>>> print(open('final34.cif').read())   # mmCIF, C-alpha atoms and all ligand atoms
data_structure
#
loop_
_atom_site.label_atom_id
_atom_site.label_comp_id
_atom_site.auth_asym_id
_atom_site.auth_seq_id
_atom_site.Cartn_x
_atom_site.Cartn_y
_atom_site.Cartn_z
CA MET J 180 37.50 -28.81 4.71
CA ASN J 181 36.58 -28.70 8.38
CA HIS J 182 33.11 -30.20 8.77
CA ASP J 183 31.96 -27.75 11.46
CA LEU J 184 33.22 -24.78 9.51
CA LYS J 185 31.34 -25.93 6.45
CA GLN J 186 28.15 -26.37 8.50
CA LEU J 187 28.58 -22.99 10.18
CA ILE J 188 28.95 -21.22 6.82
CA ARG J 189 25.72 -22.84 5.66
CA LEU J 190 24.04 -22.00 8.98
CA GLN J 191 25.01 -18.37 8.59
CA THR J 192 23.67 -18.28 5.03
CA ILE J 193 20.41 -19.83 6.17
CA ASP J 194 20.07 -17.47 9.13
CA LEU J 195 20.51 -14.42 6.94
CA ALA J 196 17.93 -15.79 4.52
CA ILE J 197 15.53 -16.50 7.41
CA GLN J 198 16.01 -12.98 8.71
CA GLU J 199 15.24 -11.49 5.30
CA LEU J 200 12.18 -13.71 4.86
CA ARG J 201 10.85 -12.85 8.31
CA THR J 202 11.26 -9.14 7.67
CA ARG J 203 9.25 -9.45 4.47
CA ILE J 204 6.63 -11.71 6.06
CA ASP J 205 6.20 -9.21 8.90
CA LYS J 206 5.67 -6.40 6.41
CA PHE J 207 2.99 -8.29 4.49
CA PRO J 208 -0.11 -7.21 6.50
CA GLY J 209 0.96 -3.56 6.40
CA ILE J 210 1.56 -3.58 2.65
CA SER J 211 -1.72 -5.37 2.11
CA LYS J 212 -3.52 -2.69 4.09
CA ALA J 213 -1.73 0.07 2.18
CA LEU J 214 -3.20 -1.38 -1.03
CA ASP J 215 -6.70 -0.65 0.29
CA GLU J 216 -5.61 2.91 0.98
CA LYS J 217 -4.67 3.26 -2.67
CA LEU J 218 -8.36 2.90 -3.60
CA ARG J 219 -9.51 5.55 -1.14
CA SER J 220 -8.93 8.58 -3.33
CA ALA J 221 -10.75 7.10 -6.34
CA GLN J 222 -13.61 6.02 -4.06
CA ALA J 223 -13.80 9.48 -2.52
CA ALA J 224 -13.89 11.14 -5.97
CA LEU J 225 -16.76 8.90 -7.05
CA GLU J 226 -18.69 9.53 -3.85
CA SER J 227 -18.31 13.27 -4.17
CA ALA J 228 -19.47 13.23 -7.83
CA LYS J 229 -22.53 11.19 -6.83
CA GLU J 230 -23.20 13.50 -3.90
CA LYS J 231 -23.09 16.50 -6.21
CA ALA J 232 -25.56 14.89 -8.62
CA LYS J 233 -27.89 14.06 -5.73
CA SER J 234 -27.86 17.57 -4.34
CA ASN J 235 -28.42 18.99 -7.84
CA GLN J 236 -31.49 16.79 -8.21
CA SER J 237 -32.95 17.75 -4.85
CA THR J 238 -32.40 21.47 -5.53
CA ARG J 239 -34.17 21.07 -8.87
CA LYS J 240 -37.12 19.35 -7.20
CA LYS J 241 -37.35 22.14 -4.67
CA LEU J 242 -37.31 24.81 -7.41
CA GLU J 243 -39.92 22.96 -9.45
CA SER J 244 -42.25 22.86 -6.48
CA GLU J 245 -41.65 26.58 -5.95
CA ILE J 246 -42.74 27.15 -9.55
CA SER J 247 -45.90 25.17 -9.08
CA SER J 248 -46.79 27.03 -5.88
CA ILE J 249 -46.27 30.36 -7.68
CA GLU J 250 -48.50 29.09 -10.49
CA THR J 251 -51.18 28.31 -7.92
CA LYS J 252 -50.83 31.83 -6.62
CA ILE J 253 -51.20 33.27 -10.14
CA SER J 254 -54.40 31.33 -10.75
CA LYS J 255 -55.79 32.67 -7.45
CA TYR J 256 -54.97 36.21 -8.59
CA ARG J 257 -56.84 35.53 -11.83
CA ASP J 258 -59.88 34.36 -9.84
CA GLN J 259 -59.71 37.50 -7.73
CA MET J 260 -59.55 39.66 -10.88
CA MET J 261 -63.01 38.42 -11.83
CA ALA J 262 -64.37 39.79 -8.56
CA VAL J 263 -62.61 43.20 -8.30
CA LYS J 264 -64.64 46.39 -8.25
CA THR J 265 -62.08 49.07 -9.11
CA ASN J 266 -59.44 49.62 -11.77
CA ASP J 267 -56.83 50.17 -9.07
CA GLU J 268 -57.53 46.78 -7.56
CA TYR J 269 -57.40 45.22 -11.02
CA ARG J 270 -54.06 46.85 -11.82
CA ALA J 271 -52.63 45.82 -8.46
CA LEU J 272 -53.49 42.18 -9.19
CA GLN J 273 -52.10 42.47 -12.70
CA HIS J 274 -48.90 43.78 -11.18
CA GLU J 275 -48.79 40.83 -8.73
CA ILE J 276 -49.23 38.41 -11.63
CA GLU J 277 -46.40 40.01 -13.63
CA HIS J 278 -44.19 39.92 -10.57
CA ALA J 279 -44.95 36.21 -10.03
CA GLN J 280 -44.35 35.40 -13.70
CA ASN J 281 -40.96 37.10 -13.53
CA ALA J 282 -40.14 35.02 -10.50
CA ILE J 283 -41.07 31.86 -12.40
CA ARG J 284 -38.78 32.83 -15.28
CA ARG J 285 -35.87 33.42 -12.92
CA ILE J 286 -36.41 30.03 -11.28
CA GLU J 287 -36.72 28.35 -14.68
CA ASP J 288 -33.33 29.78 -15.65
CA GLU J 289 -31.88 28.33 -12.47
CA VAL J 290 -33.43 24.94 -13.24
CA LEU J 291 -31.92 25.06 -16.72
CA ASN J 292 -28.46 25.76 -15.30
CA LEU J 293 -28.90 22.90 -12.85
CA MET J 294 -29.86 20.58 -15.69
CA MET J 295 -26.66 21.45 -17.52
CA ASP J 296 -24.68 20.89 -14.32
CA ALA J 297 -26.41 17.55 -13.93
CA GLU J 298 -25.19 16.49 -17.37
CA SER J 299 -21.60 17.34 -16.52
CA SER J 300 -22.04 15.57 -13.18
CA GLN J 301 -22.98 12.41 -15.06
CA VAL J 302 -19.76 12.75 -17.09
CA ASP J 303 -17.81 13.18 -13.84
CA ILE J 304 -19.44 10.10 -12.34
CA LYS J 305 -18.58 8.01 -15.39
CA ALA J 306 -14.95 9.20 -15.26
CA ALA J 307 -14.70 8.53 -11.52
CA GLU J 308 -16.17 5.06 -12.01
CA ALA J 309 -13.65 4.31 -14.75
CA ARG J 310 -10.78 5.49 -12.59
CA LEU J 311 -11.93 3.44 -9.64
CA LYS J 312 -12.26 0.38 -11.84
CA GLU J 313 -8.74 0.86 -13.19
CA ASP J 314 -7.30 1.43 -9.71
CA GLN J 315 -9.13 -1.65 -8.47
CA ARG J 316 -7.65 -3.70 -11.31
CA LYS J 317 -4.12 -2.52 -10.49
CA VAL J 318 -4.59 -3.13 -6.77
CA ASP J 319 -5.97 -6.63 -7.42
CA GLN J 320 -2.95 -7.40 -9.55
CA GLU J 321 -0.54 -6.10 -6.91
CA ARG J 322 -2.37 -8.03 -4.22
CA THR J 323 -2.14 -11.26 -6.21
CA GLN J 324 1.61 -10.78 -6.61
CA LEU J 325 1.97 -9.90 -2.96
CA ILE J 326 0.07 -12.99 -1.82
CA GLU J 327 2.10 -15.21 -4.14
CA GLN J 328 5.33 -13.71 -2.78
CA ASN J 329 4.10 -14.23 0.77
CA GLN J 330 3.28 -17.87 0.09
CA ARG J 331 6.71 -18.41 -1.48
CA ASP J 332 8.31 -16.72 1.55
CA LEU J 333 6.38 -18.86 4.02
CA SER J 334 7.31 -22.08 2.31
CA ALA J 335 10.96 -21.01 1.94
CA LEU J 336 11.01 -20.11 5.63
CA GLU J 337 9.61 -23.49 6.54
CA SER J 338 12.22 -25.34 4.51
CA TYR J 339 15.08 -23.20 5.87
CA LEU J 340 13.91 -23.80 9.44
CA LYS J 341 13.83 -27.51 8.74
CA GLU J 342 17.30 -27.44 7.26
CA ARG J 343 18.50 -25.40 10.24
CA LYS J 344 17.26 -28.07 12.66
CA GLY J 345 19.31 -30.65 10.77
CA LEU J 346 22.40 -28.43 10.87
CA GLU J 347 22.04 -27.78 14.60
CA ILE J 348 22.51 -31.45 15.42
CA SER J 349 25.38 -31.89 12.97
CA ILE J 350 27.52 -29.10 14.45
CA SER J 351 29.79 -29.81 17.46
CA SER J 352 27.84 -29.04 20.62
CA ASP J 353 30.28 -26.41 21.90
CA LEU J 354 30.31 -24.50 18.62
CA LEU J 355 26.60 -23.90 18.22
CA PRO J 356 26.18 -21.82 21.42
CA ARG J 357 29.31 -19.90 20.47
CA TYR J 358 27.86 -19.20 17.04
CA GLU J 359 24.56 -18.05 18.57
CA ARG J 360 26.32 -15.83 21.08
CA VAL J 361 28.42 -14.03 18.47
CA ARG J 362 25.48 -13.79 16.09
CA LYS J 363 23.37 -12.15 18.77
CA ALA J 364 26.11 -9.74 19.81
CA ARG J 365 27.25 -8.92 16.27
CA GLY J 366 24.18 -7.89 14.33
CA GLY J 367 23.19 -11.33 13.14
CA ILE J 368 26.53 -12.27 11.57
CA ALA J 369 28.78 -14.79 13.32
CA VAL J 370 30.70 -16.14 10.33
CA ALA J 371 32.79 -13.87 8.12
CA ALA J 372 34.89 -14.28 5.01
CA ALA J 373 38.57 -13.41 5.24
CA ARG J 374 40.09 -11.79 2.16
CA ASN J 375 43.45 -10.12 1.63
CA GLU J 376 44.33 -10.58 5.31
CA VAL J 377 41.25 -8.65 6.40
CA CYS J 378 38.04 -9.75 8.16
CA GLU J 379 35.46 -8.83 5.57
CA ILE J 380 32.84 -7.73 8.09
CA CYS J 381 34.79 -5.73 10.69
CA GLN J 382 37.62 -4.81 8.29
CA VAL J 383 40.29 -5.46 10.90
CA ARG J 384 43.61 -6.81 9.64
CA ILE J 385 44.44 -10.46 10.31
CA ARG J 386 48.00 -11.49 11.19
CA PRO J 387 49.67 -13.13 8.13
CA GLN J 388 50.38 -16.35 9.97
CA VAL J 389 46.76 -16.68 11.12
CA PHE J 390 45.54 -15.80 7.63
CA GLN J 391 47.61 -18.67 6.20
CA GLU J 392 45.80 -21.02 8.56
CA ILE J 393 42.38 -19.59 7.70
CA ARG J 394 43.08 -20.09 3.99
CA ARG J 395 43.07 -23.83 4.46
CA ASN J 396 39.56 -23.83 5.97
CA ASP J 397 40.52 -26.80 8.11
CA GLN J 398 39.98 -25.37 11.58
CA ILE J 399 37.77 -22.96 13.53
CA ILE J 400 39.53 -19.60 13.85
CA ALA J 401 37.86 -16.45 15.11
CA CYS J 402 38.59 -12.83 14.24
CA ASP J 403 40.50 -11.26 17.16
CA ALA J 404 38.55 -8.03 16.78
CA CYS J 405 34.94 -9.15 16.29
CA GLN J 406 35.01 -12.81 17.38
CA ARG J 407 33.37 -13.92 14.15
CA ILE J 408 34.46 -17.29 12.82
CA LEU J 409 36.57 -16.75 9.72
CA TYR J 410 36.78 -18.74 6.48
CA ASN J 411 38.40 -18.47 3.09
CA PRO J 412 35.68 -18.00 0.44
CA GLU J 413 38.10 -19.10 -2.33
CA ASN J 414 38.70 -22.49 -0.86
CA LEU J 415 35.23 -23.94 -0.41
CA ASP J 416 34.38 -27.51 -1.36
CA HIS J 417 32.22 -26.25 -4.17
CA PRO J 418 31.48 -22.71 -5.34
CA PHE J 419 27.76 -22.76 -4.47
CA GLU J 420 28.28 -23.55 -0.83
CA VAL J 421 27.54 -20.04 0.34
CA ALA J 422 24.73 -19.34 -2.09
ZN ZN J 501 36.25 -9.32 12.37
#
>>> encode(input="final34.cif", output="C-alpha cells", more="lines below")
Ligand SMILES: [Zn+2]
Amino acid sequence: MNHDLKQLIRLQTIDLAIQELRTRIDKFPGISKALDEKLRSAQAALESAKEKAKSNQSTRKKLESEISSIETKISKYRDQMMAVKTNDEYRALQHEIEHAQNAIRRIEDEVLNLMMDAESSQVDIKAAEARLKEDQRKVDQERTQLIEQNQRDLSALESYLKERKGLEISISSDLLPRYERVRKARGGIAVAAARNEVCEICQVRIRPQVFQEIRRNDQIIACDACQRILYNPENLDHPFEVA
C-alpha cells in the first residue's frame, strides 16, 4: 500500500475525530450552565412556598395585635360604664362592647383560617424541599458524567493532536498542503472511499480504468469531481486502519 495514502487515510480519521471532540468540548460550558437552569424551577417553588408561609405569619401577627387593641378598647368601655349617669349612655356603651366583641370573633375566625393555611404551607415547603433535593441529586449526577466526558475528550484531543504532528512530518511535503486545501474547501473531508466505481462522498462515477487503479491503493488519485483523494476501503493493510 502507498505509504502517503495510508497516512492520509489515518490523518482524515484523526481530523474528523478532532472535529467531533472540539465540537463537544465547545458545548461543555453551555451544557454545564443549562444544568443550573434545571434547578431554577424547584428553587423558585421552594421560595414561593416559604414566602407564602412568611406572609401568613405576618398577617396573623397583625390580626392578633388588632384583637388586643380591641380588647383594650373594651376594657376602657367597661371603665366608662362605671361612671355613666344615664341608661342611654349605659346602653350605648353596651352596644359598643358587643360590636367590638363581634369584631374580635370575626378576626379570630380569620386567624384560624390562616393557621390552617400555615399547616398546608408547611406541607408545601416540605414537598418543595424534597423536589429540590431530588433535582439537585440528578443534576449532580449529570454534572459528574459531563465532567468525566469532558476530561476524556480533552485527553483524547491531546493524544490525537500529538499523533497528527507525527503524521504531518511523515507525509510527503507536497501532499499535506494539498490535503489541507481540499479539506478546507470540502467540508472537512479530503480523503474519500471509492466503492462500486463511485466516490463515496460526492457520489460521482469514477471511470472504470481509474477505479481499477484506485483498487490497488498504491498511488495518490483524486476524484475528478470533488478533488478528494480516493482509496479502496476493501484493500487496506489491516481492517482497523480507518477506525
Ligand atoms: Zn468525489
>>> closest_residue(input="final34.cif", among="J:Ile253, J:Leu187, J:Val318, J:Cys378", to="Cys405 of chain J", atoms="all atoms listed in the file")
J:Cys378
>>> closest_residue(input="final34.cif", among="J:Ala401, J:Met261, J:Met294, J:Ala271", to="ligand ZN 501 (chain J)", atoms="all atoms listed in the file")
J:Ala401
>>> residues_around(input="final34.cif", residues="Asp314 of chain J", least_positions_apart="4", cutoff="9 Å", atoms="all atoms listed in the file", output="VMD selection string")
chain J and resid 217 to 218 221 309 to 310 318 to 319
>>> residues_near_ligand(input="final34.cif", ligand="ligand ZN 501 (chain J)", cutoff="7 Å", atoms="all atoms listed in the file", output="PyMOL selection string")
chain J and resi 378-383+402-407
>>> closest_residue(input="final34.cif", among="J:Glu376, J:Glu327, J:Asp332, J:Glu308", to="Ile197 of chain J", atoms="all atoms listed in the file")
J:Asp332
>>> residues_around(input="final34.cif", residues="Asn375 of chain J", least_positions_apart="5", cutoff="10 Å", atoms="all atoms listed in the file", output="PDB file with C-alpha atoms, in the coordinates of the input")
ATOM      1  CA  ARG J 384      43.610  -6.810   9.640  1.00  0.00           C
ATOM      2  CA  ILE J 385      44.440 -10.460  10.310  1.00  0.00           C
ATOM      3  CA  PRO J 387      49.670 -13.130   8.130  1.00  0.00           C
ATOM      4  CA  PHE J 390      45.540 -15.800   7.630  1.00  0.00           C
ATOM      5  CA  ASN J 411      38.400 -18.470   3.090  1.00  0.00           C
TER       6      ASN J 411
END
>>> residues_around(input="final34.cif", residues="Met295 of chain J", least_positions_apart="5", cutoff="12 Å", atoms="only C-alpha atoms", output="list of chain:residue names")
J:Ala232, J:Asn235, J:Gln236, J:Arg239, J:Asp288, J:Glu289, J:Val290, J:Ser300, J:Gln301, J:Val302
>>> write_last_selection(input="final34.cif", atoms="C-alpha atoms", output="PDB file, in the frame of the given file")
ATOM      1  CA  ALA J 232     -25.560  14.890  -8.620  1.00  0.00           C
ATOM      2  CA  ASN J 235     -28.420  18.990  -7.840  1.00  0.00           C
ATOM      3  CA  GLN J 236     -31.490  16.790  -8.210  1.00  0.00           C
ATOM      4  CA  ARG J 239     -34.170  21.070  -8.870  1.00  0.00           C
ATOM      5  CA  ASP J 288     -33.330  29.780 -15.650  1.00  0.00           C
ATOM      6  CA  GLU J 289     -31.880  28.330 -12.470  1.00  0.00           C
ATOM      7  CA  VAL J 290     -33.430  24.940 -13.240  1.00  0.00           C
ATOM      8  CA  SER J 300     -22.040  15.570 -13.180  1.00  0.00           C
ATOM      9  CA  GLN J 301     -22.980  12.410 -15.060  1.00  0.00           C
ATOM     10  CA  VAL J 302     -19.760  12.750 -17.090  1.00  0.00           C
TER      11      VAL J 302
END
>>> atom_distance(input="final34.cif", atom1="atom CA of Leu291 of chain J", atom2="atom CA of Lys252 of chain J")
22.5 Å
>>> closest_residue(input="final34.cif", among="J:Leu325, J:Ser352, J:Arg343, J:Ala371", to="Lys212 of chain J", atoms="all atoms listed in the file")
J:Leu325
>>> atom_distance(input="final34.cif", atom1="atom CA of Met260 of chain J", atom2="atom CA of Gln280 of chain J")
16.0 Å
